[in-house]
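One structure is given here, and the rest of the page talks about it.
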Amino acid sequence: MALTITNLSKTYPNGTQALRGVNLTIPTGMFGLLGPNGAGKSSLMRTIATLQDADTGSILLDDLDVLRDKEAVRRVLGYLPQEFGVYPKVSAEELLDHFATLKGIASGRERKEMVAALLHQTNLYDVRKKYVGGYSGGMKQRFGIAQALLGNPRLIIVDEPTAGLDPAERNRFHNLLSEIGEDRVVILSTHIVSDVSDLCRHMAIINKGEVLLTGDPLQVMQALRGRVWRKLIEKAELPALQASEQVISSRLFAGKTVVHVLADAAPDSGFEAVSPDLEDVYFSEIKNSELPVR
Ligand code: ADP
């Protein structure tokens, strides 16, 4: 099974070009769509989820035409949107049962079994009688996954699921996601690099509506080997370095500034070689895409 996106473009009525000729092939397993805010991730996710139309292009789930055959797609789709509105005075168990009815699962017994299994899987069984409105951020997101899994969908889309979660909740959520991505297409849209490096075997980086890079996280990191250099500098030295070198990232560490620079050789003897991580790949791609066109 694969999702094939070809030449997908979308311009909103106000003139914002959110997607510009997007081409992507997404195989089964967990796929990370990584990009900064405003990159076009949600626009792409909503289009795949049949919630909005594109101007041009096509999306195929195997031979199912996603943009035309929306009803058929909805039957095999699980979607956790960025903003998941939940009804405050309804228990998780009741709400899931209601969503299962909406999904067309008519048998009460079947629904009961499915709801109980999902509540166990998402570790919410003990709090199933509590109102979802009173859940913590992490519990709400796990509930969101439970509803996305109703009906055993082949295609699952999760849009920015870990934003706002604390580290323990994020970890728990990662474990849950890693269990569901075995034999279906799961697209995880995020601006958090470690979501992708922790979970995804395939990925794409997008910015300003364009795909900048696709591949396997290990391979794309490998491609930068021998070209990433690190130095500890004073903050005041940064502007000069940025003017002379391709600075990928800079962050504070113990009151000093750690810079990563992309170069074929060490810019000076103060630099040491580092083995590239996905942040290096991400920041170098994003910076590169934001350079003025020459
Ligand atoms: P991301 O999910 O990566 O943050 P979005 O797809 O939400 O990106 O947004 C991509 C661009 O499209 C942004 O410039 C955003 O402001 C714009 N945009 C998103 N939705 C709409 C809309 N309904 N109408 C007009 N512009 C929009």
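Identifiers for the structure tokens are assigned positionally: chains receive A, B, ... in sequence, residues are indexed from 1 per chain, and ligands are indexed from 1 in the order shown.
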* Go through the chains and note each residue within 12 Å of ligand 1, using only C-alpha atoms and all ligand atoms, then give the set as a PyMOL selection string. => chain A and resi 9-20+33-47+51-53+81-83+158-161+163+188-192+205-211
* Contacts of A:Leu64 at 12 Å (only C-alpha atoms; same-chain gap of 4+ positions) as number ranges by chain -> A: 1-5, 48, 58-60, 68-76, 155
* To do: Write out as a ChimeraX atom specification all residues of stretch 143-244 of chain A that DSSP puts in strand (DSSP E) for this structure's backbone.
  => /A:155-159,185-190,202-207,210-215,228-233
Output N, CA, C and O atoms for every residue in that selection, as a compact mmCIF listing (two decimals), in the first residue's frame.
# COMPACT_ATOMS: atom_id res chain seq x y z
N LEU A 155 -5.31 4.31 6.59
CA LEU A 155 -4.57 5.57 6.44
C LEU A 155 -4.84 6.42 7.68
O LEU A 155 -6.00 6.69 8.00
N ILE A 156 -3.78 6.80 8.37
CA ILE A 156 -3.95 7.60 9.59
C ILE A 156 -3.13 8.88 9.46
O ILE A 156 -1.96 8.85 9.06
N ILE A 157 -3.79 9.99 9.79
CA ILE A 157 -3.11 11.28 9.71
C ILE A 157 -3.13 11.93 11.08
O ILE A 157 -4.20 12.09 11.67
N VAL A 158 -1.97 12.27 11.60
CA VAL A 158 -1.91 13.00 12.87
C VAL A 158 -1.17 14.31 12.65
O VAL A 158 -0.03 14.33 12.22
N ASP A 159 -1.87 15.40 12.96
CA ASP A 159 -1.36 16.73 12.65
C ASP A 159 -0.82 17.38 13.93
O ASP A 159 -1.61 17.67 14.84
N VAL A 185 -0.50 3.16 6.44
CA VAL A 185 0.19 4.43 6.21
C VAL A 185 -0.16 5.38 7.36
O VAL A 185 -1.34 5.65 7.60
N VAL A 186 0.85 5.83 8.08
CA VAL A 186 0.62 6.80 9.16
C VAL A 186 1.44 8.05 8.85
O VAL A 186 2.67 7.97 8.72
N ILE A 187 0.77 9.17 8.68
CA ILE A 187 1.48 10.41 8.39
C ILE A 187 1.47 11.28 9.64
O ILE A 187 0.42 11.61 10.18
N LEU A 188 2.65 11.64 10.07
CA LEU A 188 2.82 12.44 11.28
C LEU A 188 3.36 13.80 10.84
O LEU A 188 4.48 13.90 10.34
N SER A 189 2.52 14.83 11.00
CA SER A 189 2.98 16.16 10.62
C SER A 189 3.46 16.88 11.87
O SER A 189 2.80 16.85 12.90
N THR A 190 4.63 17.50 11.79
CA THR A 190 5.19 18.09 13.00
C THR A 190 6.26 19.14 12.67
O THR A 190 6.83 19.13 11.59
N HIS A 202 10.56 6.97 7.15
CA HIS A 202 10.59 7.80 5.94
C HIS A 202 10.15 9.20 6.32
O HIS A 202 9.37 9.36 7.26
N MET A 203 10.63 10.17 5.57
CA MET A 203 10.30 11.54 5.94
C MET A 203 10.39 12.49 4.76
O MET A 203 10.98 12.17 3.73
N ALA A 204 9.79 13.65 4.93
CA ALA A 204 9.97 14.75 3.99
C ALA A 204 10.09 16.03 4.78
O ALA A 204 9.51 16.15 5.86
N ILE A 205 10.87 16.97 4.25
CA ILE A 205 10.91 18.30 4.85
C ILE A 205 10.21 19.24 3.88
O ILE A 205 10.47 19.20 2.67
N ILE A 206 9.26 20.03 4.40
CA ILE A 206 8.62 21.01 3.53
C ILE A 206 8.72 22.41 4.10
O ILE A 206 8.79 22.61 5.32
N ASN A 207 8.78 23.37 3.21
CA ASN A 207 8.76 24.78 3.62
C ASN A 207 8.13 25.58 2.49
O ASN A 207 8.34 25.28 1.31
N GLU A 210 6.64 23.83 -0.48
CA GLU A 210 7.44 23.00 -1.38
C GLU A 210 8.18 21.90 -0.62
O GLU A 210 8.66 22.13 0.49
N VAL A 211 8.28 20.72 -1.26
CA VAL A 211 9.05 19.64 -0.66
C VAL A 211 10.53 19.92 -0.92
O VAL A 211 10.96 20.10 -2.05
N LEU A 212 11.31 19.99 0.17
CA LEU A 212 12.74 20.29 0.02
C LEU A 212 13.57 19.02 -0.06
O LEU A 212 14.64 19.01 -0.69
N LEU A 213 13.12 17.98 0.61
CA LEU A 213 13.93 16.75 0.70
C LEU A 213 13.03 15.61 1.13
O LEU A 213 12.12 15.79 1.92
N THR A 214 13.28 14.42 0.58
CA THR A 214 12.58 13.23 1.08
C THR A 214 13.62 12.13 1.29
O THR A 214 14.69 12.17 0.69
N GLY A 215 13.31 11.16 2.11
CA GLY A 215 14.25 10.07 2.31
C GLY A 215 14.06 9.38 3.63
O GLY A 215 13.05 9.57 4.31
N VAL A 228 29.63 18.80 8.88
CA VAL A 228 29.07 19.60 9.98
C VAL A 228 30.14 19.81 11.05
O VAL A 228 30.79 18.85 11.49
N TRP A 229 30.32 21.07 11.43
CA TRP A 229 31.39 21.45 12.37
C TRP A 229 30.78 22.25 13.51
O TRP A 229 29.88 23.05 13.30
N ARG A 230 31.37 22.03 14.70
CA ARG A 230 30.82 22.68 15.89
C ARG A 230 31.88 23.53 16.56
O ARG A 230 33.06 23.16 16.59
N LYS A 231 31.43 24.65 17.12
CA LYS A 231 32.36 25.48 17.91
C LYS A 231 31.58 26.18 19.02
O LYS A 231 30.42 26.54 18.84
N LEU A 232 32.27 26.35 20.14
CA LEU A 232 31.72 27.11 21.26
C LEU A 232 32.24 28.53 21.12
O LEU A 232 33.46 28.74 21.12
N ILE A 233 31.34 29.50 20.98
CA ILE A 233 31.80 30.88 20.81
C ILE A 233 31.11 31.81 21.81
O ILE A 233 30.17 31.41 22.50
* Gap from atom CA of A:Leu80 to atom CA of A:Ala146 - Å, one decimal ->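 We find that atom CA of A:Leu80 and atom CA of A:Ala146 lie 9.4 Å from each other.
One finds atom CA of A:Asp195 at 21.8 Å from atom CA of A:Ser289.
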* Asked: Got a sec: who's within 12 Å of A:Tyr135, counting only C-alpha atoms, leaving out chain neighbours fewer than 5 positions off, as a ChimeraX atom specification?
  -> /A:86-92,124,127-130,140-144
Taking C-alpha atoms for each residue, export the selection above as a PDB file, in the first residue's frame.
ATOM      1  CA  VAL A  86     -14.006  17.700  22.356  1.00  0.00           C
ATOM      2  CA  TYR A  87     -17.282  17.802  24.216  1.00  0.00           C
ATOM      3  CA  PRO A  88     -16.502  18.666  27.826  1.00  0.00           C
ATOM      4  CA  LYS A  89     -19.377  16.937  29.595  1.00  0.00           C
ATOM      5  CA  VAL A  90     -19.148  13.533  27.950  1.00  0.00           C
ATOM      6  CA  SER A  91     -17.097  10.588  29.153  1.00  0.00           C
ATOM      7  CA  ALA A  92     -14.405   9.101  26.932  1.00  0.00           C
ATOM      8  CA  LEU A 124      -7.366   5.453  29.170  1.00  0.00           C
ATOM      9  CA  VAL A 127     -10.395   7.006  33.327  1.00  0.00           C
ATOM     10  CA  ARG A 128     -13.006   5.990  30.735  1.00  0.00           C
ATOM     11  CA  LYS A 129     -15.915   7.318  32.866  1.00  0.00           C
ATOM     12  CA  LYS A 130     -14.347  10.776  33.266  1.00  0.00           C
ATOM     13  CA  LYS A 140      -6.710  14.311  25.190  1.00  0.00           C
ATOM     14  CA  GLN A 141      -4.153  13.445  22.515  1.00  0.00           C
ATOM     15  CA  ARG A 142      -4.343   9.758  23.423  1.00  0.00           C
ATOM     16  CA  PHE A 143      -8.115  10.020  23.214  1.00  0.00           C
ATOM     17  CA  GLY A 144      -7.630  11.628  19.804  1.00  0.00           C
TER      18      GLY A 144
END
